[in-house]
Amino acid sequence: MKESMLQGILSELNGGSADIEASAIISIDGLTIASALPGSMDEDRVGAMSAAMLSLGERTAAELARGELEQVMIKGDSGFVLLIHAGPDAVLTVVTNQKAKLGLIFLDATRAAKGISELI
């Protein structure tokens, strides 16, 4: 039942913006908890990369005295990858196209992450 609720949060997030191409909930050790990924994205690879980026972001924030990590954003010429903590044990990964309105995406993703953290 929890899995279907988590899947519902991802479906709602992806359906709320045409700019969101994929999303996933990843444990901090890189295992996929739930995902809404296209067939072209490997679930295991997304999980491993998300966990690695989150870990690097946390270390960077700590080493540079920036406080507790809130999010990691990666910008490429084809779009963005956003990583947002979803409680202490998970991260929400959101993949967008290059036209994404980041303010709205951050708002929706932060809401989704809060809902995820309440379920996990």
# chains A, B, ... in the order shown; residues from 1 in each chain; ligands from 1
$ residues_around --residues "Thr110 (chain A)" --least-positions-apart "4" --cutoff "8 Å" --atoms "only C-alpha atoms" --output "number ranges by chain"
A: 84, 106, 114
$ atom_distance --atom1 "CA of Leu6 (chain A)" --atom2 "CA of Gly67 (chain A)"
28.6 Å
$ closest_residue --among "A:Asp29, A:Val95, A:Ala36, A:Val46" --to "Ser11 (chain A)" --atoms "only C-alpha atoms"
A:Ala36
$ residues_around --residues "Glu3 (chain A)" --least-positions-apart "3" --cutoff "10 Å" --atoms "only C-alpha atoms" --output "list in words"
Leu6, Gln7, Gly8, Ile9, Ile33, Ala34, Leu119 and Ile120 of chain A
$ closest_residue --among "A:Ser117, A:Ser4, A:Glu21, A:Ser35" --to "Asp89 (chain A)" --atoms "only C-alpha atoms"
A:Ser117
$ select_by_dssp --residues "chain A" --states "helix (DSSP H, G or I)" --output "ChimeraX atom specification"
/A:2-15,43-63,102-119
$ select_by_dssp --residues "region 33-107 of chain A" --states "strand (DSSP E or B)" --output "VMD selection string"
chain A and resid 33 to 36 71 to 76 79 to 85 90 to 97
$ residues_around --residues "region 99-104 of chain A" --least-positions-apart "5" --cutoff "12 Å" --atoms "only C-alpha atoms" --output "PyMOL selection string"
chain A and resi 13+16-21+73-82+94+109-111
$ closest_residue --among "A:Ser40, A:Gln98, A:Asn14, A:Ser55" --to "Leu83 (chain A)" --atoms "only C-alpha atoms"
A:Ser55
$ residues_around --residues "Leu69 (chain A)" --least-positions-apart "6" --cutoff "9 Å" --atoms "only C-alpha atoms" --output "list in words"
Leu54, Gly57, Glu58, Arg59, Thr60, Ala61, Ala62, Ile84 and His85 of chain A
$ atom_distance --atom1 "CA of Ser27 (chain A)" --atom2 "CA of Gly47 (chain A)"
7.8 Å
$ residues_around --residues "Glu118 (chain A)" --least-positions-apart "5" --cutoff "9 Å" --atoms "only C-alpha atoms" --output "NGL selection string"
:A and (86-87 or 113)
$ atom_distance --atom1 "CA of Met5 (chain A)" --atom2 "CA of Met41 (chain A)"
22.2 Å
$ decode --residues "region 43-75 of chain A" --atoms "N, CA, C and O atoms" --output "mmCIF file, in the first residue's frame"
data_model
loop_
_atom_site.group_PDB
_atom_site.id
_atom_site.type_symbol
_atom_site.label_atom_id
_atom_site.label_comp_id
_atom_site.auth_asym_id
_atom_site.auth_seq_id
_atom_site.Cartn_x
_atom_site.Cartn_y
_atom_site.Cartn_z
ATOM 1 N N GLU A 43 16.860 2.319 -14.090
ATOM 2 C CA GLU A 43 16.473 2.593 -12.701
ATOM 3 C C GLU A 43 17.642 2.442 -11.735
ATOM 4 O O GLU A 43 17.843 3.275 -10.850
ATOM 5 N N ASP A 44 18.429 1.390 -11.891
ATOM 6 C CA ASP A 44 19.569 1.160 -10.998
ATOM 7 C C ASP A 44 20.630 2.247 -11.146
ATOM 8 O O ASP A 44 21.211 2.698 -10.162
ATOM 9 N N ARG A 45 20.870 2.662 -12.367
ATOM 10 C CA ARG A 45 21.865 3.709 -12.616
ATOM 11 C C ARG A 45 21.405 5.047 -12.035
ATOM 12 O O ARG A 45 22.194 5.770 -11.423
ATOM 13 N N VAL A 46 20.123 5.377 -12.221
ATOM 14 C CA VAL A 46 19.582 6.622 -11.653
ATOM 15 C C VAL A 46 19.728 6.588 -10.128
ATOM 16 O O VAL A 46 20.136 7.574 -9.512
ATOM 17 N N GLY A 47 19.419 5.448 -9.522
ATOM 18 C CA GLY A 47 19.542 5.316 -8.073
ATOM 19 C C GLY A 47 20.964 5.501 -7.589
ATOM 20 O O GLY A 47 21.223 6.252 -6.638
ATOM 21 N N ALA A 48 21.896 4.845 -8.239
ATOM 22 C CA ALA A 48 23.302 4.935 -7.827
ATOM 23 C C ALA A 48 23.838 6.354 -8.001
ATOM 24 O O ALA A 48 24.527 6.881 -7.108
ATOM 25 N N MET A 49 23.525 6.991 -9.121
ATOM 26 C CA MET A 49 24.017 8.350 -9.355
ATOM 27 C C MET A 49 23.382 9.343 -8.387
ATOM 28 O O MET A 49 24.052 10.255 -7.902
ATOM 29 N N SER A 50 22.099 9.162 -8.101
ATOM 30 C CA SER A 50 21.424 10.065 -7.156
ATOM 31 C C SER A 50 22.057 9.975 -5.776
ATOM 32 O O SER A 50 22.325 11.001 -5.139
ATOM 33 N N ALA A 51 22.307 8.767 -5.307
ATOM 34 C CA ALA A 51 22.921 8.589 -3.984
ATOM 35 C C ALA A 51 24.328 9.189 -3.957
ATOM 36 O O ALA A 51 24.716 9.842 -2.986
ATOM 37 N N ALA A 52 25.088 8.994 -5.024
ATOM 38 C CA ALA A 52 26.452 9.529 -5.085
ATOM 39 C C ALA A 52 26.441 11.061 -5.088
ATOM 40 O O ALA A 52 27.230 11.693 -4.367
ATOM 41 N N MET A 53 25.546 11.657 -5.874
ATOM 42 C CA MET A 53 25.473 13.118 -5.928
ATOM 43 C C MET A 53 25.005 13.702 -4.603
ATOM 44 O O MET A 53 25.501 14.738 -4.159
ATOM 45 N N LEU A 54 24.055 13.038 -3.966
ATOM 46 C CA LEU A 54 23.568 13.507 -2.669
ATOM 47 C C LEU A 54 24.702 13.469 -1.645
ATOM 48 O O LEU A 54 24.918 14.439 -0.909
ATOM 49 N N SER A 55 25.450 12.393 -1.617
ATOM 50 C CA SER A 55 26.564 12.262 -0.686
ATOM 51 C C SER A 55 27.614 13.341 -0.940
ATOM 52 O O SER A 55 28.108 13.983 -0.004
ATOM 53 N N LEU A 56 27.949 13.562 -2.194
ATOM 54 C CA LEU A 56 28.927 14.590 -2.544
ATOM 55 C C LEU A 56 28.415 15.973 -2.169
ATOM 56 O O LEU A 56 29.162 16.807 -1.640
ATOM 57 N N GLY A 57 27.136 16.233 -2.423
ATOM 58 C CA GLY A 57 26.548 17.520 -2.056
ATOM 59 C C GLY A 57 26.594 17.758 -0.559
ATOM 60 O O GLY A 57 26.899 18.870 -0.097
ATOM 61 N N GLU A 58 26.293 16.718 0.222
ATOM 62 C CA GLU A 58 26.329 16.845 1.690
ATOM 63 C C GLU A 58 27.744 17.145 2.173
ATOM 64 O O GLU A 58 27.942 18.013 3.027
ATOM 65 N N ARG A 59 28.723 16.439 1.616
ATOM 66 C CA ARG A 59 30.116 16.680 2.018
ATOM 67 C C ARG A 59 30.573 18.082 1.619
ATOM 68 O O ARG A 59 31.262 18.760 2.379
ATOM 69 N N THR A 60 30.176 18.512 0.434
ATOM 70 C CA THR A 60 30.563 19.841 -0.042
ATOM 71 C C THR A 60 29.962 20.922 0.843
ATOM 72 O O THR A 60 30.649 21.863 1.256
ATOM 73 N N ALA A 61 28.663 20.794 1.144
ATOM 74 C CA ALA A 61 28.002 21.784 2.009
ATOM 75 C C ALA A 61 28.672 21.844 3.377
ATOM 76 O O ALA A 61 28.898 22.932 3.926
ATOM 77 N N ALA A 62 29.010 20.685 3.918
ATOM 78 C CA ALA A 62 29.659 20.644 5.232
ATOM 79 C C ALA A 62 31.061 21.242 5.177
ATOM 80 O O ALA A 62 31.423 22.077 6.019
ATOM 81 N N GLU A 63 31.865 20.835 4.195
ATOM 82 C CA GLU A 63 33.253 21.307 4.093
ATOM 83 C C GLU A 63 33.341 22.803 3.841
ATOM 84 O O GLU A 63 34.278 23.465 4.280
ATOM 85 N N LEU A 64 32.370 23.348 3.127
ATOM 86 C CA LEU A 64 32.393 24.775 2.809
ATOM 87 C C LEU A 64 31.515 25.588 3.756
ATOM 88 O O LEU A 64 31.189 26.741 3.465
ATOM 89 N N ALA A 65 31.115 24.960 4.866
ATOM 90 C CA ALA A 65 30.339 25.621 5.922
ATOM 91 C C ALA A 65 29.072 26.276 5.378
ATOM 92 O O ALA A 65 28.766 27.419 5.684
ATOM 93 N N ARG A 66 28.319 25.535 4.564
ATOM 94 C CA ARG A 66 27.067 26.050 3.997
ATOM 95 C C ARG A 66 25.842 25.515 4.735
ATOM 96 O O ARG A 66 24.722 25.714 4.303
ATOM 97 N N GLY A 67 26.061 24.832 5.829
ATOM 98 C CA GLY A 67 24.936 24.301 6.605
ATOM 99 C C GLY A 67 24.464 22.973 6.058
ATOM 100 O O GLY A 67 25.157 22.305 5.294
ATOM 101 N N GLU A 68 23.251 22.610 6.454
ATOM 102 C CA GLU A 68 22.681 21.331 6.041
ATOM 103 C C GLU A 68 22.205 21.398 4.589
ATOM 104 O O GLU A 68 21.544 22.355 4.193
ATOM 105 N N LEU A 69 22.546 20.388 3.821
ATOM 106 C CA LEU A 69 22.177 20.341 2.414
ATOM 107 C C LEU A 69 20.661 20.290 2.250
ATOM 108 O O LEU A 69 19.984 19.510 2.908
ATOM 109 N N GLU A 70 20.119 21.123 1.366
ATOM 110 C CA GLU A 70 18.695 21.107 1.056
ATOM 111 C C GLU A 70 18.430 20.469 -0.296
ATOM 112 O O GLU A 70 17.498 19.694 -0.451
ATOM 113 N N GLN A 71 19.268 20.816 -1.286
ATOM 114 C CA GLN A 71 19.042 20.298 -2.628
ATOM 115 C C GLN A 71 20.317 20.375 -3.448
ATOM 116 O O GLN A 71 21.225 21.128 -3.135
ATOM 117 N N VAL A 72 20.342 19.564 -4.493
ATOM 118 C CA VAL A 72 21.432 19.589 -5.467
ATOM 119 C C VAL A 72 20.768 19.821 -6.816
ATOM 120 O O VAL A 72 19.754 19.191 -7.138
ATOM 121 N N MET A 73 21.329 20.724 -7.608
ATOM 122 C CA MET A 73 20.798 20.982 -8.946
ATOM 123 C C MET A 73 21.921 20.822 -9.956
ATOM 124 O O MET A 73 23.006 21.381 -9.777
ATOM 125 N N ILE A 74 21.648 20.057 -10.993
ATOM 126 C CA ILE A 74 22.599 19.856 -12.076
ATOM 127 C C ILE A 74 21.960 20.422 -13.335
ATOM 128 O O ILE A 74 20.814 20.089 -13.653
ATOM 129 N N LYS A 75 22.682 21.279 -14.032
ATOM 130 C CA LYS A 75 22.159 21.872 -15.259
ATOM 131 C C LYS A 75 22.993 21.374 -16.429
ATOM 132 O O LYS A 75 24.216 21.490 -16.427
#
